[in-house]
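*Asks:* Quick one: the structure is below, questions incoming.
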Amino acid sequence: MKVIFAGTPLFAATALQALLDIGCSVPLVLTQPDRPAGRGLKLQASAVKQLAQQHGIPVAQPLSLRLDGKYPDDAAAAKKLIEDADADFMVVAAYGLILPEWALTTPKHGCLNIHASLLPRWRGAAPIHRAIEAGDTQTGVTIMQMDEGLDTGAMLLKQSLPIAADDTTHSLHDKLADLGASLIQQAVRDYAALTHEPQPTDGVTYAAKVLKSESAINWSQDAVAIERKIRAFNPTPGCTTDLNGETVKVWRGQVMNGKLEILELQRPGGKRMSMADYLRGLKNSS
């Protein structure tokens, strides 16, 4: 089976490795351009690009795939690469670019998306964050045949996963990445036998991209909602609050008798620490 892969973060890299593990030929990988990262803001390749390079797979990093958009030369070059790959599928996982109609129809069997929710709930950019923030007790992965809508395509496979009371976006991400990797292996192997089930019109919700401006804790919310948000925003972008004249990140809390107890925080430029250590530091400096 010949598969083009389009994805960017670790969630996607897990799926790419899974396809390689079952012997898929991957003639081309599409991923986002290298981005500045770390304190030195050095350009860093995506997790998918790093994995592709380890396996000697050609990598393309177009700024757009829209032939009539801002970067038509990028799109035209990518189009030629995709056509020349002559693939059975394109598998897409957290890629970060919108796929126009030509990209959806060029591979023999179109494009399959690995989406980290039980569609149609939490279509959109941040399904893991929003599921935890909303207090959902379960989530999962849907393998979808992509169309031109926002996560609106027919479902091929779907499997649920419980959300634990202490799950963060970090811990749930890893579970869903493994589940997505397993399901995409099944989808590629058994594609001809799978049913294309249209998504129901009831239960549609949208997982808007998480903005840094959402980081500040709103203490007028109830303790349960704040604790969920702390877990949902761990590891990025993190929840913040003002404490003793500085803005700290709050990484862990628990609800006790209807109130939120902060368990772990981080001062500007410092490391994560327990609340007990923070209070000891204040006492010693006074």
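Lettering and numbering for the structure tokens are positional, with chains as A, B, ... in the shown order, residues counted from 1 in each chain, and ligands counted from 1 in the shown order.
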Find the residues around region 32-49 of chain A up to 6 Å (only C-alpha atoms counted), leave out those fewer than 3 positions away in its own chain, and share them as a PyMOL selection string.
*Replies:* chain A and resi 8-10+13+52+61
*Asks:* How would the residues just picked look written out with N, CA and C atoms as a PDB file, in the first residue's frame?
*Replies:*
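Saved result, again_11.pdb, follows:
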```
ATOM      1  N   THR A   8       1.946  16.896  11.534  1.00  0.00           N
ATOM      2  CA  THR A   8       2.991  17.751  12.099  1.00  0.00           C
ATOM      3  C   THR A   8       3.454  17.337  13.491  1.00  0.00           C
ATOM      4  N   PRO A   9       2.593  17.281  14.525  1.00  0.00           N
ATOM      5  CA  PRO A   9       3.100  17.059  15.878  1.00  0.00           C
ATOM      6  C   PRO A   9       3.312  15.584  16.207  1.00  0.00           C
ATOM      7  N   LEU A  10       3.626  15.325  17.472  1.00  0.00           N
ATOM      8  CA  LEU A  10       3.905  13.965  17.940  1.00  0.00           C
ATOM      9  C   LEU A  10       2.720  13.033  17.719  1.00  0.00           C
ATOM     10  N   ALA A  13       3.125  11.852  14.307  1.00  0.00           N
ATOM     11  CA  ALA A  13       4.314  11.007  14.147  1.00  0.00           C
ATOM     12  C   ALA A  13       4.049   9.585  14.622  1.00  0.00           C
ATOM     13  N   ALA A  52      10.369  11.261   9.478  1.00  0.00           N
ATOM     14  CA  ALA A  52      10.514  11.009   8.043  1.00  0.00           C
ATOM     15  C   ALA A  52      11.981  11.008   7.636  1.00  0.00           C
ATOM     16  N   GLN A  61       7.242  20.956   2.701  1.00  0.00           N
ATOM     17  CA  GLN A  61       6.719  21.833   3.743  1.00  0.00           C
ATOM     18  C   GLN A  61       6.081  23.090   3.125  1.00  0.00           C
TER      19      GLN A  61
END
```
*Asks:* May I have the residues within 12 Å of Ala232 (chain A) as number ranges by chain, using only C-alpha atoms and disregarding those fewer than 4 positions away in the same chain?
*Replies:* A: 126-136, 163, 165-173, 210, 214-215, 225-228, 236-239, 250-253
*Asks:* Show me, as a ChimeraX atom specification, the residues that have an atom within 8 Å of Ile57 (chain A) when counting only C-alpha atoms, minus same-chain residues fewer than 5 positions from it.
*Replies:* /A:26-29,52
*Asks:* Running DSSP on the backbone, which parts of region 148-222 of chain A land in helix (DSSP H, G or I), as a count of residues only?
*Replies:* 27
*Asks:* With only C-alpha atoms as the atoms that count, which of A:Leu176, A:Leu65, A:Ala208, A:Met256 lies nearest to Ile114 (chain A)?
*Replies:*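 Smallest distance to Ile114 (chain A) is found for A:Leu176.
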*Asks:* Would you pick out the contacts of Ala12 (chain A) at 8 Å or less, using only C-alpha atoms, so that residues sharing its chain but fewer than 5 positions from it are not included, and give the list as a VMD selection string?
*Replies:* chain A and resid 7 47 to 48 92 to 95 177
*Asks:* So that I can check the surroundings of region 149-154 of chain A, please list as a list of chain:residue names every protein, DNA and RNA residue that reaches within 6 Å of it, counting only C-alpha atoms and ignoring chain neighbours fewer than 2 positions away.
*Replies:*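 So, after excluding close chain neighbours, the residues are A:Arg123, A:Met144, A:Gln145, A:Met146, A:Asp147, A:His196, A:Glu197, A:Pro198, A:Gln199.
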*Asks:* One decimal, Å: what's the distance from CA of Ile217 (chain A) over to CA of Leu279 (chain A), could you say?
*Replies:* 20.2 Å
*Asks:* Select, from A:Leu118, A:Ala187, A:Leu194, A:Ile230, the residue with the minimum atom-to-atom distance to Ser160 (chain A), counting only C-alpha atoms.
*Replies:* A:Leu118
*Asks:* Using only C-alpha atoms, which of the listed residues (A:Val224, A:Ile4, A:Ala76, A:Met275) sits closest to Pro107 (chain A)?
*Replies:*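 That would be A:Ile4, the residue with the smallest distance to Pro107 (chain A).
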*Asks:* Considering only C-alpha atoms, return as a PDB file with N, CA and C atoms, in the first residue's frame whatever protein or nucleic-acid residues lie within 6 Å of Ser117 (chain A), sequence-local ones (same chain, fewer than 4 positions apart) excluded.
*Replies:*
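File produced: part-v7.pdb:
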```pdb
ATOM      1  N   THR A 139     -13.970  10.093  25.365  1.00  0.00           N
ATOM      2  CA  THR A 139     -13.619  10.652  24.070  1.00  0.00           C
ATOM      3  C   THR A 139     -13.237   9.471  23.186  1.00  0.00           C
ATOM      4  N   GLY A 140     -12.381   9.667  22.227  1.00  0.00           N
ATOM      5  CA  GLY A 140     -11.980   8.563  21.377  1.00  0.00           C
ATOM      6  C   GLY A 140     -11.343   9.058  20.098  1.00  0.00           C
ATOM      7  N   VAL A 141     -11.290   8.192  19.113  1.00  0.00           N
ATOM      8  CA  VAL A 141     -10.707   8.523  17.809  1.00  0.00           C
ATOM      9  C   VAL A 141     -11.676   8.098  16.716  1.00  0.00           C
TER      10      VAL A 141
END
```
*Asks:* Between A:Ser64, A:Ser25, A:Thr142, A:Ser213, which one has atoms that come closest to Asp88 (chain A), using only C-alpha atoms?
*Replies:* A:Ser25
*Asks:* Could you please determine the separation between CA of Leu51 (chain A) and CA of Gln17 (chain A) in Å, to one decimal place?
*Replies:*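 Computed distance, CA of Leu51 (chain A) to CA of Gln17 (chain A), equals 7.8 Å.
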*Asks:* Could you please determine the separation between CA of Ala223 (chain A) and CA of Glu261 (chain A) in Å, to one decimal place?
*Replies:* 8.8 Å
*Asks:* Please return, as a list in words, all residues of region 171-241 of chain A that DSSP assigns to strand (DSSP E or B) on the basis of the backbone.
*Replies:*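 For region 171-241 of chain A, the strand (DSSP E or B) set is Glu197, Tyr206, Ala207, Ala216, Cys239, Thr240 and Thr241 of chain A.
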*Asks:* Within 12 Å of Gly23 (chain A), counting only C-alpha atoms, which residues show up once you throw out same-chain ones fewer than 5 positions away? Write them as a tab-separated table (two decimals) with C-alpha atoms, in the first residue's frame, please.
*Replies:*
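Saved result, result.tsv, follows:
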```
chain	number	residue	atom	x	y	z
A	1	MET	CA	0.00	0.00	0.00
A	2	LYS	CA	1.38	3.40	-1.00
A	3	VAL	CA	0.48	6.20	1.43
A	16	LEU	CA	3.26	7.62	10.66
A	17	GLN	CA	5.37	5.12	12.57
A	18	ALA	CA	2.38	2.78	12.77
A	185	GLN	CA	-3.49	0.57	10.52
A	188	VAL	CA	-5.64	1.06	5.54
A	189	ARG	CA	-5.57	-2.74	5.70
```
